[in-house]
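*Asks:* Contents of my_file_17.cif (mmCIF, C-alpha atoms (C1' of nucleotides)) are given next:
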data_query
loop_
_atom_site.label_atom_id
_atom_site.label_comp_id
_atom_site.auth_asym_id
_atom_site.auth_seq_id
_atom_site.Cartn_x
_atom_site.Cartn_y
_atom_site.Cartn_z
CA MET A 1 -39.01 -23.32 -48.37
CA ASP A 2 -40.85 -25.54 -50.81
CA ARG A 3 -37.55 -26.20 -52.49
CA LEU A 4 -36.13 -27.69 -49.31
CA ILE A 5 -39.14 -29.90 -48.70
CA ALA A 6 -39.06 -30.97 -52.34
CA LEU A 7 -35.41 -31.96 -51.95
CA PHE A 8 -36.24 -34.01 -48.86
CA GLU A 9 -39.15 -35.71 -50.57
CA SER A 10 -37.08 -36.56 -53.61
CA ILE A 11 -35.36 -39.00 -51.28
CA LEU A 12 -38.17 -40.29 -49.05
CA PRO A 13 -41.76 -39.17 -48.42
CA ILE A 14 -42.74 -36.98 -45.47
CA SER A 15 -46.23 -36.63 -43.99
CA ASP A 16 -47.94 -33.24 -44.09
CA SER A 17 -47.82 -32.85 -40.34
CA ASP A 18 -44.10 -33.60 -40.39
CA LYS A 19 -43.61 -30.98 -43.06
CA VAL A 20 -45.18 -28.45 -40.72
CA LEU A 21 -42.85 -29.62 -38.00
CA ILE A 22 -39.86 -29.09 -40.25
CA ILE A 23 -41.02 -25.62 -41.20
CA GLN A 24 -41.60 -24.72 -37.56
CA ASN A 25 -38.13 -25.80 -36.57
CA THR A 26 -36.17 -23.95 -39.23
CA TYR A 27 -35.79 -20.27 -39.96
CA LYS A 28 -34.79 -18.02 -42.80
CA GLU A 29 -31.51 -16.21 -42.35
CA THR A 30 -29.55 -13.58 -44.24
CA VAL A 31 -25.77 -13.40 -44.36
CA GLU A 32 -24.10 -10.33 -45.79
CA LYS A 33 -21.23 -10.53 -48.23
CA GLY A 34 -17.96 -11.09 -46.35
CA GLU A 35 -19.69 -12.40 -43.22
CA LYS A 36 -19.06 -15.90 -41.95
CA TYR A 37 -21.75 -18.54 -41.57
CA CYS A 38 -19.39 -20.89 -39.76
CA GLU A 39 -16.16 -20.05 -37.93
CA GLN A 40 -12.92 -21.98 -38.03
CA GLY A 41 -12.07 -23.51 -34.64
CA GLN A 42 -15.65 -23.47 -33.41
CA THR A 43 -18.10 -26.35 -33.59
CA CYS A 44 -20.48 -25.91 -36.49
CA LYS A 45 -23.92 -25.84 -34.90
CA LYS A 46 -26.13 -25.36 -37.94
CA MET A 47 -26.63 -26.28 -41.51
CA GLY A 48 -28.23 -24.00 -44.08
CA PHE A 49 -30.02 -24.71 -47.29
CA VAL A 50 -28.97 -21.92 -49.65
CA LEU A 51 -31.87 -20.08 -51.30
CA GLU A 52 -29.82 -17.28 -52.80
CA GLY A 53 -26.12 -16.44 -53.04
CA VAL A 54 -22.73 -18.13 -52.98
CA PHE A 55 -20.57 -19.25 -50.06
CA LYS A 56 -16.99 -20.40 -50.06
CA VAL A 57 -15.79 -23.19 -47.80
CA VAL A 58 -12.17 -22.62 -46.83
CA ARG A 59 -9.42 -24.64 -45.17
CA THR A 60 -6.15 -23.34 -43.80
CA ASN A 61 -3.09 -25.54 -44.19
CA ALA A 62 -0.16 -25.95 -41.80
CA ASN A 63 1.56 -22.87 -43.26
CA GLY A 64 -1.48 -20.73 -42.64
CA ASP A 65 -2.43 -20.48 -46.30
CA ASP A 66 -6.12 -20.48 -47.14
CA PHE A 67 -7.52 -22.78 -49.79
CA ILE A 68 -11.06 -22.71 -51.05
CA GLN A 69 -12.45 -26.23 -50.93
CA TYR A 70 -15.62 -25.60 -52.86
CA PHE A 71 -18.42 -23.16 -53.51
CA THR A 72 -21.91 -23.67 -52.17
CA ASN A 73 -24.72 -21.95 -53.99
CA GLU A 74 -28.48 -22.22 -54.44
CA GLY A 75 -29.92 -25.65 -53.80
CA HIS A 76 -27.00 -26.90 -51.70
CA PHE A 77 -26.18 -26.95 -48.02
CA ALA A 78 -23.75 -24.66 -46.28
CA VAL A 79 -22.34 -26.72 -43.44
CA ALA A 80 -18.99 -27.81 -42.07
CA LEU A 81 -19.89 -31.46 -42.46
CA GLU A 82 -17.25 -33.04 -40.28
CA SER A 83 -17.71 -30.56 -37.46
CA PHE A 84 -21.50 -30.73 -37.52
CA THR A 85 -21.60 -34.52 -37.55
CA ASN A 86 -18.88 -35.18 -34.98
CA LYS A 87 -19.35 -32.06 -32.87
CA THR A 88 -15.68 -31.26 -33.18
CA PRO A 89 -14.11 -27.83 -33.82
CA SER A 90 -14.35 -26.99 -37.49
CA GLU A 91 -11.19 -27.01 -39.55
CA GLU A 92 -12.91 -24.97 -42.19
CA TYR A 93 -14.84 -21.75 -42.26
CA ILE A 94 -17.73 -20.74 -44.45
CA GLU A 95 -18.02 -17.20 -45.75
CA ALA A 96 -20.53 -15.45 -47.98
CA LEU A 97 -19.10 -14.24 -51.29
CA THR A 98 -22.37 -12.49 -52.07
CA LYS A 99 -25.34 -11.54 -49.95
CA CYS A 100 -26.96 -14.85 -49.08
CA THR A 101 -30.28 -16.09 -47.79
CA LEU A 102 -30.73 -19.56 -46.44
CA ILE A 103 -32.98 -21.81 -44.40
CA THR A 104 -31.14 -22.68 -41.25
CA LEU A 105 -31.51 -25.83 -39.19
CA THR A 106 -29.66 -25.76 -35.88
CA ILE A 107 -28.14 -28.86 -34.35
CA GLY A 108 -30.72 -28.81 -31.57
CA LYS A 109 -33.67 -28.73 -33.95
CA TYR A 110 -31.91 -31.23 -36.13
CA GLU A 111 -31.75 -33.73 -33.28
CA LEU A 112 -35.37 -33.01 -32.44
CA LEU A 113 -36.50 -33.68 -36.01
CA GLU A 114 -34.31 -36.75 -36.15
CA LYS A 115 -36.48 -38.27 -33.43
CA ALA A 116 -39.82 -36.83 -34.49
CA VAL A 117 -39.82 -37.35 -38.26
CA PRO A 118 -39.49 -41.02 -39.23
CA ASN A 119 -37.56 -40.67 -42.46
CA PHE A 120 -35.51 -37.68 -41.38
CA PRO A 121 -32.30 -39.48 -40.36
CA LYS A 122 -32.17 -41.40 -43.63
CA ILE A 123 -32.91 -38.32 -45.69
CA ILE A 124 -30.21 -36.27 -44.06
CA SER A 125 -27.66 -39.03 -44.11
CA ARG A 126 -28.42 -39.52 -47.80
CA ILE A 127 -27.98 -35.83 -48.54
CA LYS A 128 -24.74 -35.68 -46.61
CA GLU A 129 -23.39 -38.73 -48.34
CA LYS A 130 -24.32 -37.46 -51.77
CA ALA A 131 -22.81 -34.05 -51.09
CA LEU A 132 -19.56 -35.51 -49.85
CA LEU A 133 -19.31 -37.91 -52.76
CA GLU A 134 -19.86 -35.05 -55.18
CA LYS A 135 -17.14 -32.99 -53.59
CA TYR A 136 -14.80 -35.96 -53.61
CA LEU A 137 -15.41 -36.74 -57.27
CA LEU A 138 -14.91 -33.13 -58.26
CA LYS A 139 -11.55 -32.88 -56.49
CA SER A 140 -10.55 -36.28 -57.65
CA GLU A 141 -11.41 -35.59 -61.25
CA MET A 142 -9.61 -32.28 -61.29
CA PHE A 143 -6.63 -33.75 -59.49
CA VAL A 144 -4.80 -34.73 -62.65
CA ASP A 145 -6.07 -31.95 -64.91
CA ASP A 146 -4.08 -28.99 -66.15
CA ALA A 147 -5.25 -25.45 -65.35
CA GLN A 148 -7.25 -25.00 -68.53
CA THR A 149 -9.15 -28.26 -68.11
CA LYS A 150 -9.93 -27.57 -64.47
CA TYR A 151 -11.31 -24.19 -65.39
CA ASN A 152 -13.45 -25.67 -68.17
CA LYS A 153 -14.90 -28.19 -65.76
CA LEU A 154 -15.82 -25.52 -63.26
CA VAL A 155 -17.51 -23.51 -65.97
CA GLN A 156 -19.51 -26.58 -66.94
CA ARG A 157 -20.51 -27.51 -63.42
CA GLN A 158 -21.17 -24.19 -61.78
CA PRO A 159 -21.45 -21.65 -64.60
CA SER A 160 -23.54 -19.27 -62.56
CA ILE A 161 -20.81 -18.86 -59.99
CA ILE A 162 -18.15 -17.62 -62.40
CA GLN A 163 -19.99 -14.37 -63.03
CA ARG A 164 -20.64 -13.58 -59.42
CA ILE A 165 -17.36 -13.88 -57.60
CA PRO A 166 -13.85 -12.40 -57.88
CA GLN A 167 -11.48 -14.24 -60.14
CA SER A 168 -8.93 -14.59 -57.38
CA GLN A 169 -11.41 -16.78 -55.51
CA ILE A 170 -11.88 -19.02 -58.49
CA ALA A 171 -8.12 -19.36 -58.86
CA SER A 172 -7.82 -20.38 -55.22
CA PHE A 173 -10.44 -23.05 -55.71
CA LEU A 174 -8.75 -24.39 -58.83
CA GLY A 175 -5.39 -24.47 -57.09
CA ILE A 176 -3.76 -22.14 -59.60
CA THR A 177 -2.50 -18.57 -59.37
CA PRO A 178 -4.65 -15.61 -60.39
CA TYR A 179 -2.02 -14.87 -63.05
CA THR A 180 -2.54 -18.21 -64.68
CA LEU A 181 -6.31 -17.91 -64.54
CA SER A 182 -6.17 -14.48 -66.12
CA ARG A 183 -4.05 -15.87 -68.95
CA ILE A 184 -6.38 -18.79 -69.50
CA ARG A 185 -9.39 -16.55 -69.80
CA ARG A 186 -7.68 -14.17 -72.20
CA VAL A 187 -7.21 -16.86 -74.82
CA LYS A 188 -10.79 -18.08 -74.74
CA MET B 1 -12.17 -61.58 -37.79
CA ASP B 2 -11.75 -60.09 -34.34
CA ARG B 3 -10.34 -57.02 -35.99
CA LEU B 4 -13.53 -56.42 -37.91
CA ILE B 5 -15.73 -56.88 -34.86
CA ALA B 6 -13.44 -54.60 -32.90
CA LEU B 7 -13.79 -51.94 -35.57
CA PHE B 8 -17.58 -52.23 -35.43
CA GLU B 9 -17.61 -52.03 -31.67
CA SER B 10 -15.35 -48.98 -31.65
CA ILE B 11 -18.42 -47.23 -33.05
CA LEU B 12 -21.35 -48.86 -31.25
CA PRO B 13 -21.71 -52.01 -29.11
CA ILE B 14 -22.95 -55.31 -30.51
CA SER B 15 -24.42 -58.17 -28.51
CA ASP B 16 -22.62 -61.52 -28.48
CA SER B 17 -25.39 -63.25 -30.38
CA ASP B 18 -25.26 -60.55 -33.03
CA LYS B 19 -21.51 -61.03 -33.31
CA VAL B 20 -22.14 -64.68 -34.10
CA LEU B 21 -24.67 -63.59 -36.71
CA ILE B 22 -22.14 -61.32 -38.33
CA ILE B 23 -19.54 -64.05 -38.40
CA GLN B 24 -22.00 -66.49 -39.90
CA ASN B 25 -22.93 -64.12 -42.68
CA THR B 26 -19.44 -63.20 -43.84
CA TYR B 27 -16.66 -65.27 -45.32
CA LYS B 28 -12.94 -65.13 -45.79
CA GLU B 29 -11.75 -64.65 -49.34
CA THR B 30 -8.42 -64.60 -51.15
CA VAL B 31 -7.69 -62.46 -54.20
CA GLU B 32 -4.51 -63.08 -56.17
CA LYS B 33 -2.28 -60.25 -57.32
CA GLY B 34 -3.64 -58.74 -60.51
CA GLU B 35 -7.15 -60.09 -60.00
CA LYS B 36 -10.11 -57.78 -59.63
CA TYR B 37 -12.33 -57.65 -56.57
CA CYS B 38 -14.83 -55.37 -58.31
CA GLU B 39 -15.32 -54.81 -62.04
CA GLN B 40 -15.90 -51.54 -63.81
CA GLY B 41 -19.39 -51.35 -65.33
CA GLN B 42 -20.88 -53.97 -63.03
CA THR B 43 -22.74 -53.29 -59.83
CA CYS B 44 -20.51 -53.80 -56.81
CA LYS B 45 -22.24 -56.49 -54.79
CA LYS B 46 -19.85 -56.89 -51.87
CA MET B 47 -17.59 -55.06 -49.53
CA GLY B 48 -14.46 -56.57 -48.06
CA PHE B 49 -12.54 -55.81 -44.89
CA VAL B 50 -8.88 -56.20 -45.85
CA LEU B 51 -6.89 -58.50 -43.55
CA GLU B 52 -3.77 -58.66 -45.67
CA GLY B 53 -2.57 -57.00 -48.86
CA VAL B 54 -3.12 -53.87 -50.92
CA PHE B 55 -5.78 -53.01 -53.47
CA LYS B 56 -5.95 -50.11 -55.88
CA VAL B 57 -9.21 -48.36 -56.70
CA VAL B 58 -9.12 -47.06 -60.26
CA ARG B 59 -11.23 -44.71 -62.36
CA THR B 60 -11.09 -44.26 -66.11
CA ASN B 61 -11.62 -40.77 -67.50
CA ALA B 62 -13.36 -39.75 -70.73
CA ASN B 63 -10.14 -40.32 -72.69
CA GLY B 64 -9.83 -43.86 -71.42
CA ASP B 65 -6.88 -43.10 -69.15
CA ASP B 66 -6.74 -44.91 -65.83
CA PHE B 67 -6.17 -43.02 -62.62
CA ILE B 68 -5.65 -44.60 -59.25
CA GLN B 69 -7.99 -43.00 -56.74
CA TYR B 70 -6.53 -44.51 -53.61
CA PHE B 71 -5.00 -47.58 -52.08
CA THR B 72 -6.87 -49.81 -49.67
CA ASN B 73 -4.83 -51.93 -47.32
CA GLU B 74 -5.15 -53.76 -44.02
CA GLY B 75 -7.87 -52.43 -41.74
CA HIS B 76 -9.85 -50.71 -44.47
CA PHE B 77 -12.72 -51.70 -46.75
CA ALA B 78 -12.43 -52.61 -50.39
CA VAL B 79 -15.68 -51.48 -51.93
CA ALA B 80 -16.93 -49.32 -54.78
CA LEU B 81 -18.88 -47.12 -52.39
CA GLU B 82 -21.16 -45.35 -54.82
CA SER B 83 -22.06 -48.52 -56.70
CA PHE B 84 -22.63 -50.58 -53.57
CA THR B 85 -24.84 -47.96 -51.95
CA ASN B 86 -26.90 -46.98 -54.97
CA LYS B 87 -26.84 -50.33 -56.82
CA THR B 88 -25.59 -48.60 -59.93
CA PRO B 89 -22.86 -49.85 -62.30
CA SER B 90 -19.46 -49.08 -60.84
CA GLU B 91 -17.38 -46.38 -62.46
CA GLU B 92 -14.32 -47.73 -60.76
CA TYR B 93 -12.67 -51.09 -60.49
CA ILE B 94 -10.74 -52.59 -57.62
CA GLU B 95 -7.68 -54.71 -58.27
CA ALA B 96 -5.25 -56.50 -55.98
CA LEU B 97 -1.69 -55.15 -56.16
CA THR B 98 -0.50 -57.98 -53.91
CA LYS B 99 -2.06 -61.26 -52.85
CA CYS B 100 -4.93 -60.22 -50.57
CA THR B 101 -7.16 -61.81 -47.99
CA LEU B 102 -10.33 -60.19 -46.80
CA ILE B 103 -13.59 -60.75 -44.99
CA THR B 104 -16.36 -60.33 -47.50
CA LEU B 105 -19.89 -59.19 -46.82
CA THR B 106 -22.23 -59.50 -49.78
CA ILE B 107 -25.05 -57.05 -50.41
CA GLY B 108 -27.62 -59.74 -49.58
CA LYS B 109 -26.08 -60.53 -46.20
CA TYR B 110 -25.54 -56.84 -45.66
CA GLU B 111 -29.25 -56.16 -46.00
CA LEU B 112 -30.02 -59.11 -43.76
CA LEU B 113 -27.71 -57.84 -41.03
CA GLU B 114 -29.07 -54.33 -41.46
CA LYS B 115 -32.44 -55.65 -40.28
CA ALA B 116 -31.22 -58.18 -37.74
CA VAL B 117 -28.51 -56.28 -35.87
CA PRO B 118 -29.83 -53.11 -34.21
CA ASN B 119 -26.76 -50.92 -34.47
CA PHE B 120 -25.58 -52.26 -37.81
CA PRO B 121 -27.00 -49.53 -40.09
CA LYS B 122 -25.50 -46.78 -37.98
CA ILE B 123 -22.15 -48.55 -37.74
CA ILE B 124 -21.86 -49.09 -41.46
CA SER B 125 -23.07 -45.63 -42.34
CA ARG B 126 -20.52 -44.23 -39.91
CA ILE B 127 -17.73 -46.27 -41.45
CA LYS B 128 -18.70 -45.28 -44.96
CA GLU B 129 -18.91 -41.64 -44.04
CA LYS B 130 -15.55 -41.68 -42.32
CA ALA B 131 -13.90 -43.48 -45.21
CA LEU B 132 -15.26 -41.06 -47.76
CA LEU B 133 -14.30 -38.05 -45.70
CA GLU B 134 -10.78 -39.40 -45.36
CA LYS B 135 -10.45 -39.90 -49.09
CA TYR B 136 -11.82 -36.44 -49.73
CA LEU B 137 -9.46 -34.77 -47.31
CA LEU B 138 -6.48 -36.60 -48.74
CA LYS B 139 -7.26 -35.54 -52.31
CA SER B 140 -8.17 -32.09 -51.20
CA GLU B 141 -5.02 -31.62 -49.20
CA MET B 142 -2.79 -32.86 -51.99
CA PHE B 143 -4.66 -30.81 -54.56
CA VAL B 144 -2.45 -27.78 -54.22
CA ASP B 145 0.80 -29.56 -53.34
CA ASP B 146 3.81 -29.96 -55.58
CA ALA B 147 5.04 -33.46 -56.43
CA GLN B 148 7.56 -33.66 -53.59
CA THR B 149 5.03 -32.64 -50.95
CA LYS B 150 2.41 -35.07 -52.22
CA TYR B 151 4.93 -37.87 -52.07
CA ASN B 152 5.96 -36.95 -48.53
CA LYS B 153 2.36 -37.00 -47.42
CA LEU B 154 1.78 -40.43 -48.87
CA VAL B 155 4.90 -41.73 -47.14
CA GLN B 156 3.57 -40.34 -43.88
CA ARG B 157 0.07 -41.70 -44.25
CA GLN B 158 0.60 -45.09 -45.79
CA PRO B 159 4.29 -45.89 -45.36
CA SER B 160 3.76 -49.63 -45.57
CA ILE B 161 2.34 -49.37 -49.05
CA ILE B 162 5.37 -47.72 -50.61
CA GLN B 163 7.49 -50.81 -50.19
CA ARG B 164 4.98 -53.21 -51.60
CA ILE B 165 3.83 -51.82 -54.90
CA PRO B 166 5.42 -50.68 -58.17
CA GLN B 167 6.51 -47.10 -58.32
CA SER B 168 4.48 -46.48 -61.43
CA GLN B 169 1.33 -47.16 -59.40
CA ILE B 170 2.35 -44.64 -56.78
CA ALA B 171 2.99 -42.06 -59.49
CA SER B 172 -0.47 -42.66 -60.92
CA PHE B 173 -2.02 -42.11 -57.52
CA LEU B 174 -0.07 -38.91 -56.95
CA GLY B 175 -1.01 -37.59 -60.36
CA ILE B 176 2.60 -37.25 -61.50
CA THR B 177 4.70 -39.11 -64.06
CA PRO B 178 6.92 -42.05 -63.09
CA TYR B 179 9.86 -39.95 -64.28
CA THR B 180 9.15 -37.24 -61.79
CA LEU B 181 8.64 -39.71 -58.98
CA SER B 182 11.93 -41.39 -59.78
CA ARG B 183 13.71 -38.04 -59.63
CA ILE B 184 12.08 -37.13 -56.35
CA ARG B 185 13.16 -40.35 -54.73
CA ARG B 186 16.74 -40.05 -55.98
CA VAL B 187 17.34 -36.83 -54.11
CA LYS B 188 16.00 -38.09 -50.78
"C1'" DC C 1 -18.35 12.24 -60.84
"C1'" DT C 2 -13.99 11.88 -58.67
"C1'" DT C 3 -10.42 9.74 -56.24
"C1'" DG C 4 -8.20 6.23 -53.71
"C1'" DT C 5 -8.15 1.24 -53.35
"C1'" DT C 6 -8.43 -3.32 -54.97
"C1'" DT C 7 -8.35 -6.57 -58.65
"C1'" DT C 8 -6.89 -8.06 -63.02
"C1'" DT C 9 -3.81 -8.09 -66.84
"C1'" DT C 10 0.58 -8.39 -68.96
"C1'" DG C 11 5.80 -8.56 -69.88
"C1'" DC C 12 9.50 -10.96 -68.49
"C1'" DC C 13 12.02 -14.43 -66.47
"C1'" DT C 14 12.30 -18.65 -63.27
"C1'" DT C 15 11.10 -23.13 -61.84
"C1'" DA C 16 8.68 -27.54 -61.84
"C1'" DT C 17 7.13 -31.13 -64.36
"C1'" DG C 18 6.38 -33.62 -68.78
"C1'" DG C 19 7.97 -36.72 -71.96
"C1'" DC C 20 11.09 -39.06 -75.45
"C1'" DA C 21 14.77 -42.31 -75.81
"C1'" DA C 22 18.28 -45.04 -74.25
"C1'" DA C 23 20.70 -47.25 -70.48
"C1'" DA C 24 20.45 -49.64 -66.19
"C1'" DA C 25 18.25 -52.33 -62.91
"C1'" DA C 26 14.86 -55.43 -61.21
"C1'" DC C 27 11.79 -59.12 -61.95
"C1'" DG C 28 10.02 -63.61 -63.20
"C1'" DG C 29 9.51 -67.94 -65.62
"C1'" DA C 30 11.74 -71.94 -67.46
"C1'" DT D 1 20.79 -69.67 -62.84
"C1'" DC D 2 19.91 -67.60 -67.12
"C1'" DC D 3 17.47 -64.83 -70.37
"C1'" DG D 4 13.73 -62.16 -72.00
"C1'" DT D 5 10.53 -58.76 -70.23
"C1'" DT D 6 9.16 -55.03 -67.46
"C1'" DT D 7 10.23 -51.24 -64.58
"C1'" DT D 8 13.10 -47.61 -63.21
"C1'" DT D 9 16.60 -44.25 -63.96
"C1'" DT D 10 18.74 -40.59 -66.38
"C1'" DG D 11 20.13 -37.03 -70.03
"C1'" DC D 12 18.09 -33.84 -72.68
"C1'" DC D 13 14.87 -30.65 -74.15
"C1'" DA D 14 9.86 -28.86 -74.29
"C1'" DT D 15 6.03 -26.94 -71.95
"C1'" DA D 16 3.09 -25.35 -68.22
"C1'" DA D 17 2.70 -22.69 -64.49
"C1'" DG D 18 4.74 -19.58 -60.90
"C1'" DG D 19 5.80 -15.15 -59.49
"C1'" DC D 20 7.59 -10.26 -59.45
"C1'" DA D 21 6.54 -5.67 -60.85
"C1'" DA D 22 4.21 -2.34 -63.27
"C1'" DA D 23 0.27 -0.93 -65.98
"C1'" DA D 24 -4.55 -1.12 -66.73
"C1'" DA D 25 -9.06 -1.83 -65.33
"C1'" DA D 26 -12.75 -2.29 -62.13
"C1'" DC D 27 -14.78 -1.06 -57.91
"C1'" DA D 28 -16.37 1.61 -53.99
"C1'" DA D 29 -17.05 5.49 -50.96
"C1'" DG D 30 -17.81 10.17 -50.45
#
Is it possible to express this structure as structure tokens?
*Replies:*
Amino acid sequence: MDRLIALFESILPISDSDKVLIIQNTYKETVEKGEKYCEQGQTCKKMGFVLEGVFKVVRTNANGDDFIQYFTNEGHFAVALESFTNKTPSEEYIEALTKCTLITLTIGKYELLEKAVPNFPKIISRIKEKALLEKYLLKSEMFVDDAQTKYNKLVQRQPSIIQRIPQSQIASFLGITPYTLSRIRRVK
Amino acid sequence: MDRLIALFESILPISDSDKVLIIQNTYKETVEKGEKYCEQGQTCKKMGFVLEGVFKVVRTNANGDDFIQYFTNEGHFAVALESFTNKTPSEEYIEALTKCTLITLTIGKYELLEKAVPNFPKIISRIKEKALLEKYLLKSEMFVDDAQTKYNKLVQRQPSIIQRIPQSQIASFLGITPYTLSRIRRVK
DNA sequence: CTTGTTTTTTGCCTTATGGCAAAAAACGGA
DNA sequence: TCCGTTTTTTGCCATAAGGCAAAAAACAAG
């Protein structure tokens, strides 16, 4: 819980009474491996600050193929950004790849805190913007890379994830086949 | 000019006096083909609503190779988002691929309007968020596509651009070689 | 621990794209 | 309009990655 408050305060200060308000309006939640935190087609009504575990955020293309967009682990938010912000049905789903615990903030409480805590809107909008930019830069940077380079970059950026999730999931994220990933890792 | 106001008002209303204020604090600018609107390494101090023409937004990787991130044409903003928002040196540069005209809003006037026009912060933050999300989705969607599919998607999304800029620039954006692009277009 | 299931690895071949070099075409300035 | 320059096209071959199928390894449930 302190970690979440610390993240907020790294952006803008929050009064002690407001901190209490934030704590009162969030709750700790556990999601088992394989369970979904957010469903495709439904409006995403909560965002969760991950304390432990790894989620995958997945999109389905026109052919019905799934593609992992990114992994969300400790210190980041599990949320279908577009859906949560615009209150539209989510085009992506979020599923736990390991047992996960997170601090959940529902849309209702979110709107309450938005009004009650002075810096809250700016803090959240800042976090959302930073998260989106990060995701964009990652995709963008890997866009022109070959399989080996993409894999190296993932290892650099999220080393802890590699050990915890099936290789096939990593391949999906990198946009390569599991065969290719297996061959890349053999050589190393 | 009306187009810019209309865009703003499609998000939230603005009073007539505030519209005048916006008009007074922006100016029309022309950028010749090949000229830069924003330099790499310098802080991006303005954002421009494109009235006519096409810009490219370019990043340089660790090896010094240039990669076009996206094209910005009529109805969109030319701005190095990260640099403008965080007042950090820009990692990308913006260059006109055709003669361009735009409505420029400098960071100083931007901050002035932020205070003076009630809905301005929300409007701008909404526009920025939408723009970034769009760019992310485009990259993300094309991430797993083969060359032909990526090209088709570009033709669908920004058909007007294809006719106006050199093919080599399109290839750079798609992350393929000019040779491959040439071969793709031959078959069509 | 054992057994059935899932995931990963590997051989083998196919396909897509890269990239050099030269020709062809398009462009642009005098 | 002409000529030099730049861009695009194309033949040819090299390389990266895809993908099937079978073996090997890892995992999971009883």
*Asks:* Compile the residues of chain C that lie within 12 Å of chain A, evaluated using only C-alpha atoms (C1' of nucleotides), and express the compilation as a list in words.
*Replies:* DT6, DT7, DT8, DT9, DT10, DT17 and DG18 of chain C
*Asks:* Given the file shown, determine the residues that the PyMOL selection byres ((chain D) within 9 of (chain A)) selects; report them as a list in words.
*Replies:*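 Selected by the PyMOL selection byres ((chain D) within 9 of (chain A)) in this file: DA16, DA17, DG18 and DG19 of chain D.
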*Asks:* Could the residues in this selection be written to a file with C-alpha atoms (C1' of nucleotides), as a PDB file, keeping the file's coordinate frame?
*Replies:*
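Final output, selection06.pdb:
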ATOM      1  C1'  DA D  16       3.090 -25.350 -68.220  1.00  0.00           C
ATOM      2  C1'  DA D  17       2.700 -22.690 -64.490  1.00  0.00           C
ATOM      3  C1'  DG D  18       4.740 -19.580 -60.900  1.00  0.00           C
ATOM      4  C1'  DG D  19       5.800 -15.150 -59.490  1.00  0.00           C
TER       5       DG D  19
END
*Asks:* Evaluated on this file, the PyMOL selection byres ((chain A) within 7 of (chain B)) picks out some residues - which ones are they, written as a PDB file with C-alpha atoms, in the frame of the given file?
*Replies:*
ATOM      1  CA  GLU A 129     -23.390 -38.730 -48.340  1.00  0.00           C
ATOM      2  CA  TYR A 136     -14.800 -35.960 -53.610  1.00  0.00           C
ATOM      3  CA  LYS A 139     -11.550 -32.880 -56.490  1.00  0.00           C
ATOM      4  CA  SER A 140     -10.550 -36.280 -57.650  1.00  0.00           C
ATOM      5  CA  PHE A 143      -6.630 -33.750 -59.490  1.00  0.00           C
ATOM      6  CA  VAL A 144      -4.800 -34.730 -62.650  1.00  0.00           C
ATOM      7  CA  GLY A 175      -5.390 -24.470 -57.090  1.00  0.00           C
TER       8      GLY A 175
END
*Asks:* For atom CA of A:Pro118 and atom CA of A:Arg3, determine how far apart the two atoms are, in Å to one decimal place.
*Replies:*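 So the two atoms, atom CA of A:Pro118 and atom CA of A:Arg3, lie 20.0 Å apart.
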*Asks:* For a test of reading the model, state the distance in Å between atom CA of B:His76 and atom CA of B:Thr88, rounded to one decimal.
*Replies:*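 Straight-line distance from atom CA of B:His76 to atom CA of B:Thr88 works out to 22.2 Å.
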*Asks:* Name the closest residue to B:Tyr27 among the candidates B:Ala6, B:Leu105, B:Ala96, B:Val58; distances are taken between atoms, counting all atoms listed in the file.
*Replies:* B:Leu105
*Asks:* Using all atoms listed in the file, give me every residue within 9 Å of (-12.6, -50.3, -53.6) in file coordinates, as a PyMOL selection string.
*Replies:* chain B and resi 37-38+47-48+55-58+70-72+77-81+92-95
*Asks:* Residues near B:Ile23, anyone? I mean within 10 Å using all atoms listed in the file, not counting same-chain ones fewer than 5 positions away, as a JSON list (two decimals) with C-alpha atoms, in the coordinates of the input.
*Replies:*
[["chain", "number", "residue", "atom", "x", "y", "z"],
["B", 1, "MET", "CA", -12.17, -61.58, -37.79],
["B", 2, "ASP", "CA", -11.75, -60.09, -34.34],
["B", 4, "LEU", "CA", -13.53, -56.42, -37.91],
["B", 5, "ILE", "CA", -15.73, -56.88, -34.86],
["B", 17, "SER", "CA", -25.39, -63.25, -30.38],
["B", 18, "ASP", "CA", -25.26, -60.55, -33.03],
["B", 28, "LYS", "CA", -12.94, -65.13, -45.79],
["B", 103, "ILE", "CA", -13.59, -60.75, -44.99],
["B", 105, "LEU", "CA", -19.89, -59.19, -46.82]]
*Asks:* For the PyMOL selection byres ((chain A and resi 157-164) around 9), applied here, can you spell out every residue it catches as a PDB file with C-alpha atoms, keeping the file's coordinate frame?
*Replies:*
ATOM      1  CA  GLY A  53     -26.120 -16.440 -53.040  1.00  0.00           C
ATOM      2  CA  VAL A  54     -22.730 -18.130 -52.980  1.00  0.00           C
ATOM      3  CA  PHE A  71     -18.420 -23.160 -53.510  1.00  0.00           C
ATOM      4  CA  ASN A  73     -24.720 -21.950 -53.990  1.00  0.00           C
ATOM      5  CA  LEU A  97     -19.100 -14.240 -51.290  1.00  0.00           C
ATOM      6  CA  THR A  98     -22.370 -12.490 -52.070  1.00  0.00           C
ATOM      7  CA  ASN A 152     -13.450 -25.670 -68.170  1.00  0.00           C
ATOM      8  CA  LYS A 153     -14.900 -28.190 -65.760  1.00  0.00           C
ATOM      9  CA  LEU A 154     -15.820 -25.520 -63.260  1.00  0.00           C
ATOM     10  CA  VAL A 155     -17.510 -23.510 -65.970  1.00  0.00           C
ATOM     11  CA  GLN A 156     -19.510 -26.580 -66.940  1.00  0.00           C
ATOM     12  CA  ILE A 165     -17.360 -13.880 -57.600  1.00  0.00           C
ATOM     13  CA  PRO A 166     -13.850 -12.400 -57.880  1.00  0.00           C
ATOM     14  CA  GLN A 167     -11.480 -14.240 -60.140  1.00  0.00           C
ATOM     15  CA  ILE A 170     -11.880 -19.020 -58.490  1.00  0.00           C
TER      16      ILE A 170
END
